[in-house]
Amino acid sequence: MRSFIQPLNVVKTLTTYLGIPLSKYELAERAFHITRNVLGKPVGKQDEYAASFGGLNFIRFAENGSVSVEPLDLEPDLVRELESQLMLFFTGAAHHSWTILKEQEQSTRAKAGAAIESLHEIREGADLMRATLKAGNLDRFGELLHKGWEAKKRVSKKISNTRIDEMYEAARGEGALGGKITGAGGGGFLLLYCPQPAQPAVRTRLAALGARDMDFEFDFQGAQVVVDDPFIDADERGGMKWTFEPIAAAVNFSR
């Protein structure tokens with residue numbers, strides 16, 4: 001589980017338990033506030049919004065802090081095809097997101113230079129990916145994913161490393177069209193776009209390099225509480241919400 005999402009999970013759980021309704025926007029913003037302003041972590045809002053909303057969305061982040069979420073509303077058959085051509089591998093290495101994000105934040109404060117140019121390229125690539133998915137051109141989406149990964153690596157030298165590069169190039173050599181490390185980079189999970197005929201070869205090649213193939217599927221509900229019950233046990237009352245009332249006066253232990 002992404003460490004950035006822990007505050008969102010806590011907020012969602014507590015507000016559900018207390019019966020406090022929150023919109024998906026409010027949930028994302030409160031979780032971001034905790035991570036950024038209370039815990040002091042150098043994060044953006046993308047993880048909170050992605051987890052809060054779920055699904056395939058085009059998310060715009062404005063300079064004034066406002067956010068808009070546009071569902072892509074792809075045809076179900078296209079969504080299934082896209083899902084079937086994505087592969088996810090655990091690289092076998094954990095990553096230190098805070099260190100990477102802190103360096104990235106420092107490199108972008110000047111608002112000029114290679115890091116900023118790369119971020120602009122990533123931003124433009126997001127527009128192209130949106131149009132490509134809406135048009136149903138999945139292979140082109142995979143190629144754009146590759147270009148986005150190359151741009152992201154130029155933002156910080158810590159985003160990739162020799163092991164990640166070896167796995168990524170090996171996958172590309174076996175037929176994957178593009179991919180990226182999920183999250184801040186430096187380790188964790190490698191997402192690949194790979195046409196189905198090439199997937200067995202990619203899977204075998206990456207397994208030889210120590211990567212673990214992971215099953216996954218798209219989630220379209222966003223953050224939710226699976227079980228809203230403070231007490232679940234094995235008797236006939238399991239699954240009920242219990243109300244506790246005092247049955248005797250409190251004992252006074254003072255002398």
# chains A, B, ... in the order shown; residues from 1 in each chain; ligands from 1

$ select_by_dssp --residues "range 117-214 of chain A" --states "helix (DSSP H, G or I)" --output "PyMOL selection string"
chain A and resi 117-135+138-153+162-173+196-208

$ residues_around --residues "range 6-12 of chain A" --least-positions-apart "5" --cutoff "7 Å" --atoms "only C-alpha atoms" --output "PyMOL selection string"
chain A and resi 27-28+31+34-35+48

$ residues_around --residues "range 125-138 of chain A" --least-positions-apart "2" --cutoff "8 Å" --atoms "only C-alpha atoms" --output "PyMOL selection string"
chain A and resi 58+72+74+78+82+121-123+140-142+144-145+147-148

$ closest_atom_pairs --of "range 141-222 of chain A" --to "range 85-92 of chain A" --cutoff "8 Å" --atoms "only C-alpha atoms" --output "CSV"
residue,atom,partner,partner_atom,distance
A:Ile164,CA,A:Thr91,CA,7.3
A:Gly187,CA,A:Thr91,CA,6.4
A:Gly188,CA,A:Thr91,CA,5.8
A:Phe189,CA,A:Phe90,CA,4.5
A:Leu190,CA,A:Phe89,CA,5.1
A:Leu191,CA,A:Leu88,CA,4.6
A:Leu192,CA,A:Met87,CA,5.0
A:Tyr193,CA,A:Leu86,CA,4.6
A:Cys194,CA,A:Gln85,CA,5.2
A:Pro195,CA,A:Gln85,CA,5.3
A:Gln196,CA,A:Gln85,CA,5.8
A:Gly210,CA,A:Gly92,CA,6.9
A:Ala211,CA,A:Thr91,CA,4.8
A:Arg212,CA,A:Phe90,CA,5.0
A:Asp213,CA,A:Phe89,CA,4.6
A:Met214,CA,A:Leu88,CA,5.4
A:Asp215,CA,A:Leu88,CA,7.2
A:Phe216,CA,A:Leu88,CA,7.5
